[in-house]
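One file, query_20.cif, is given below (mmCIF, N, CA and C atoms).
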data_final
#
loop_
_atom_site.label_atom_id
_atom_site.label_comp_id
_atom_site.auth_asym_id
_atom_site.auth_seq_id
_atom_site.Cartn_x
_atom_site.Cartn_y
_atom_site.Cartn_z
N MET A 1 -12.06 -5.21 -32.27
CA MET A 1 -11.31 -4.34 -31.39
C MET A 1 -12.09 -3.04 -31.24
N ALA A 2 -11.98 -2.41 -30.10
CA ALA A 2 -12.72 -1.20 -29.80
C ALA A 2 -12.14 -0.01 -30.55
N GLY A 3 -12.90 1.07 -30.57
CA GLY A 3 -12.47 2.30 -31.23
C GLY A 3 -11.52 3.08 -30.35
N LYS A 4 -11.56 4.41 -30.52
CA LYS A 4 -10.67 5.27 -29.75
C LYS A 4 -10.98 5.20 -28.27
N VAL A 5 -10.02 5.58 -27.47
CA VAL A 5 -10.20 5.63 -26.02
C VAL A 5 -11.15 6.78 -25.70
N LYS A 6 -12.07 6.54 -24.78
CA LYS A 6 -13.03 7.57 -24.40
C LYS A 6 -12.48 8.38 -23.24
N LEU A 7 -12.41 9.70 -23.42
CA LEU A 7 -11.97 10.60 -22.36
C LEU A 7 -13.16 11.36 -21.82
N SER A 8 -13.20 11.55 -20.51
CA SER A 8 -14.27 12.35 -19.92
C SER A 8 -13.87 13.82 -20.00
N GLN A 9 -14.75 14.70 -19.58
CA GLN A 9 -14.49 16.13 -19.66
C GLN A 9 -13.26 16.55 -18.85
N ASP A 10 -13.00 15.87 -17.74
CA ASP A 10 -11.85 16.23 -16.91
C ASP A 10 -10.55 15.60 -17.40
N GLY A 11 -10.60 14.85 -18.50
CA GLY A 11 -9.40 14.26 -19.09
C GLY A 11 -9.07 12.87 -18.61
N SER A 12 -9.88 12.31 -17.73
CA SER A 12 -9.61 10.95 -17.26
C SER A 12 -10.06 9.94 -18.31
N ILE A 13 -9.50 8.75 -18.24
CA ILE A 13 -9.78 7.71 -19.22
C ILE A 13 -10.91 6.83 -18.72
N ASN A 14 -11.85 6.51 -19.59
CA ASN A 14 -12.94 5.59 -19.25
C ASN A 14 -12.57 4.20 -19.77
N PHE A 15 -12.06 3.35 -18.88
CA PHE A 15 -11.69 1.99 -19.26
C PHE A 15 -12.88 1.06 -19.02
N THR A 16 -12.92 0.00 -19.80
CA THR A 16 -13.91 -1.04 -19.53
C THR A 16 -13.21 -2.10 -18.68
N LYS A 17 -13.88 -2.58 -17.68
CA LYS A 17 -13.30 -3.59 -16.80
C LYS A 17 -13.79 -4.97 -17.19
N SER A 18 -12.88 -5.92 -17.15
CA SER A 18 -13.27 -7.30 -17.39
C SER A 18 -13.23 -8.05 -16.06
N ASP A 19 -14.13 -9.00 -15.89
CA ASP A 19 -14.22 -9.74 -14.64
C ASP A 19 -13.21 -10.88 -14.55
N ASN A 20 -12.77 -11.39 -15.69
CA ASN A 20 -11.84 -12.52 -15.66
C ASN A 20 -10.39 -12.01 -15.68
N ILE A 21 -9.54 -12.65 -14.90
CA ILE A 21 -8.14 -12.27 -14.78
C ILE A 21 -7.33 -13.03 -15.84
N PRO A 22 -6.51 -12.31 -16.63
CA PRO A 22 -5.69 -12.98 -17.64
C PRO A 22 -4.71 -13.96 -17.00
N THR A 23 -4.54 -15.12 -17.63
CA THR A 23 -3.68 -16.15 -17.07
C THR A 23 -2.31 -16.22 -17.73
N SER A 24 -2.13 -15.56 -18.86
CA SER A 24 -0.84 -15.58 -19.53
C SER A 24 -0.47 -14.16 -19.93
N GLN A 25 0.81 -13.98 -20.30
CA GLN A 25 1.26 -12.65 -20.73
C GLN A 25 0.50 -12.19 -21.96
N LYS A 26 0.29 -13.09 -22.91
CA LYS A 26 -0.40 -12.72 -24.14
C LYS A 26 -1.82 -12.27 -23.83
N LYS A 27 -2.51 -13.02 -22.97
CA LYS A 27 -3.88 -12.64 -22.62
C LYS A 27 -3.90 -11.34 -21.82
N PHE A 28 -2.87 -11.12 -21.00
CA PHE A 28 -2.78 -9.87 -20.24
C PHE A 28 -2.68 -8.69 -21.19
N ARG A 29 -1.83 -8.81 -22.20
CA ARG A 29 -1.66 -7.71 -23.16
C ARG A 29 -2.92 -7.46 -23.97
N GLN A 30 -3.73 -8.50 -24.15
CA GLN A 30 -4.95 -8.36 -24.94
C GLN A 30 -6.17 -8.00 -24.10
N SER A 31 -5.99 -7.83 -22.79
CA SER A 31 -7.14 -7.49 -21.95
C SER A 31 -7.61 -6.07 -22.29
N PRO A 32 -8.89 -5.80 -22.16
CA PRO A 32 -9.44 -4.49 -22.55
C PRO A 32 -8.77 -3.32 -21.83
N GLU A 33 -8.40 -3.50 -20.56
CA GLU A 33 -7.77 -2.41 -19.81
C GLU A 33 -6.41 -2.06 -20.40
N ILE A 34 -5.62 -3.07 -20.70
CA ILE A 34 -4.28 -2.84 -21.24
C ILE A 34 -4.35 -2.32 -22.66
N GLU A 35 -5.25 -2.86 -23.48
CA GLU A 35 -5.42 -2.35 -24.84
C GLU A 35 -5.82 -0.88 -24.81
N GLY A 36 -6.71 -0.52 -23.89
CA GLY A 36 -7.12 0.88 -23.75
C GLY A 36 -5.96 1.77 -23.36
N PHE A 37 -5.13 1.28 -22.45
CA PHE A 37 -3.95 2.04 -22.03
C PHE A 37 -2.99 2.23 -23.21
N TYR A 38 -2.68 1.15 -23.93
CA TYR A 38 -1.80 1.24 -25.09
C TYR A 38 -2.35 2.22 -26.12
N ARG A 39 -3.65 2.13 -26.38
CA ARG A 39 -4.28 3.01 -27.37
C ARG A 39 -4.19 4.47 -26.93
N PHE A 40 -4.45 4.73 -25.64
CA PHE A 40 -4.38 6.10 -25.12
C PHE A 40 -2.97 6.65 -25.29
N VAL A 41 -1.97 5.86 -24.92
CA VAL A 41 -0.58 6.30 -25.03
C VAL A 41 -0.23 6.60 -26.48
N TYR A 42 -0.61 5.72 -27.40
CA TYR A 42 -0.28 5.91 -28.81
C TYR A 42 -1.01 7.11 -29.41
N GLU A 43 -2.31 7.23 -29.15
CA GLU A 43 -3.10 8.31 -29.74
C GLU A 43 -2.66 9.69 -29.25
N ASN A 44 -2.11 9.75 -28.06
CA ASN A 44 -1.69 11.03 -27.49
C ASN A 44 -0.18 11.23 -27.56
N ASP A 45 0.50 10.37 -28.32
CA ASP A 45 1.94 10.46 -28.54
C ASP A 45 2.71 10.55 -27.21
N LEU A 46 2.43 9.62 -26.32
CA LEU A 46 3.04 9.60 -24.99
C LEU A 46 3.95 8.39 -24.79
N GLN A 47 4.51 7.86 -25.87
CA GLN A 47 5.32 6.65 -25.76
C GLN A 47 6.53 6.84 -24.85
N LYS A 48 7.27 7.95 -25.02
CA LYS A 48 8.46 8.17 -24.20
C LYS A 48 8.08 8.34 -22.73
N GLU A 49 7.05 9.12 -22.46
CA GLU A 49 6.62 9.34 -21.08
C GLU A 49 6.14 8.04 -20.44
N ALA A 50 5.39 7.25 -21.18
CA ALA A 50 4.89 5.97 -20.65
C ALA A 50 6.06 5.03 -20.37
N TYR A 51 7.04 5.01 -21.27
CA TYR A 51 8.22 4.16 -21.06
C TYR A 51 8.97 4.58 -19.80
N ASP A 52 9.18 5.89 -19.63
CA ASP A 52 9.88 6.39 -18.44
C ASP A 52 9.13 6.02 -17.16
N ILE A 53 7.82 6.17 -17.16
CA ILE A 53 7.02 5.86 -15.97
C ILE A 53 7.07 4.37 -15.66
N LEU A 54 6.87 3.54 -16.68
CA LEU A 54 6.87 2.09 -16.46
C LEU A 54 8.25 1.58 -16.04
N THR A 55 9.31 2.18 -16.57
CA THR A 55 10.67 1.81 -16.17
C THR A 55 10.89 2.14 -14.70
N ARG A 56 10.44 3.32 -14.30
CA ARG A 56 10.59 3.73 -12.89
C ARG A 56 9.80 2.80 -11.96
N ILE A 57 8.58 2.46 -12.34
CA ILE A 57 7.77 1.55 -11.53
C ILE A 57 8.45 0.19 -11.42
N ALA A 58 8.97 -0.31 -12.54
CA ALA A 58 9.64 -1.62 -12.53
C ALA A 58 10.87 -1.60 -11.62
N MET A 59 11.65 -0.51 -11.67
CA MET A 59 12.84 -0.42 -10.82
C MET A 59 12.44 -0.36 -9.35
N GLU A 60 11.41 0.41 -9.02
CA GLU A 60 10.97 0.50 -7.62
C GLU A 60 10.46 -0.84 -7.11
N ARG A 61 9.73 -1.56 -7.95
CA ARG A 61 9.22 -2.88 -7.54
C ARG A 61 10.37 -3.87 -7.36
N LYS A 62 11.38 -3.78 -8.24
CA LYS A 62 12.53 -4.67 -8.14
C LYS A 62 13.31 -4.38 -6.86
N GLN A 63 13.48 -3.10 -6.52
CA GLN A 63 14.18 -2.74 -5.29
C GLN A 63 13.40 -3.20 -4.07
N ALA A 64 12.09 -3.03 -4.09
CA ALA A 64 11.26 -3.46 -2.96
C ALA A 64 11.33 -4.97 -2.79
N LYS A 65 11.31 -5.68 -3.90
CA LYS A 65 11.38 -7.14 -3.86
C LYS A 65 12.74 -7.58 -3.33
N GLY A 66 13.81 -6.89 -3.75
CA GLY A 66 15.15 -7.20 -3.26
C GLY A 66 15.28 -6.94 -1.78
N GLY A 67 14.64 -5.88 -1.28
CA GLY A 67 14.67 -5.57 0.14
C GLY A 67 13.97 -6.63 0.96
N LYS A 68 12.89 -7.18 0.45
CA LYS A 68 12.16 -8.24 1.15
C LYS A 68 13.01 -9.51 1.23
N LYS A 69 13.74 -9.82 0.16
CA LYS A 69 14.58 -11.01 0.15
C LYS A 69 15.71 -10.88 1.17
N LYS A 70 16.31 -9.67 1.26
CA LYS A 70 17.40 -9.45 2.21
C LYS A 70 16.89 -9.57 3.64
N ALA A 71 15.70 -9.04 3.89
CA ALA A 71 15.11 -9.11 5.23
C ALA A 71 14.79 -10.55 5.61
N ALA A 72 14.39 -11.35 4.65
CA ALA A 72 14.05 -12.75 4.92
C ALA A 72 15.30 -13.57 5.24
N LYS A 73 16.45 -13.20 4.68
CA LYS A 73 17.69 -13.93 4.92
C LYS A 73 18.24 -13.68 6.32
N LYS A 74 17.93 -12.55 6.91
CA LYS A 74 18.47 -12.19 8.24
C LYS A 74 17.88 -12.97 9.34
#

Render the structure in this file as structure tokens.
Amino acid sequence: MAGKVKLSQDGSINFTKSDNIPTSQKKFRQSPEIEGFYRFVYENDLQKEAYDILTRIAMERKQAKGGKKKAAKK
């Protein structure tokens, strides 16, 4: 497993990109990008903020998906 997350001078995160797309949830969670994100959140004590952001994104995606289904039924 990699060390700490690397931050640039401007505070952005330097993630490593993988070319292969994860095919399962377990592999998705273990991908370098997601591990780097989890590590960044944990090391900077941002668990509550990350949870709030991800919850909001999930709700917006669910609403958008629901809107598409309603439009398809009409």

Work out how far atom CA of A:Gln63 is from atom C of A:Val41, in Å to one decimal.
27.3 Å

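Proximity of A:Gln30, A:Asn44, A:Thr23, A:Thr55 to A:Gly11, computed with only C-alpha atoms, is greatest for A:Asn44.
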
Gap from atom N of A:Ile34 to atom C of A:Lys48 - Å, one decimal
17.9 Å
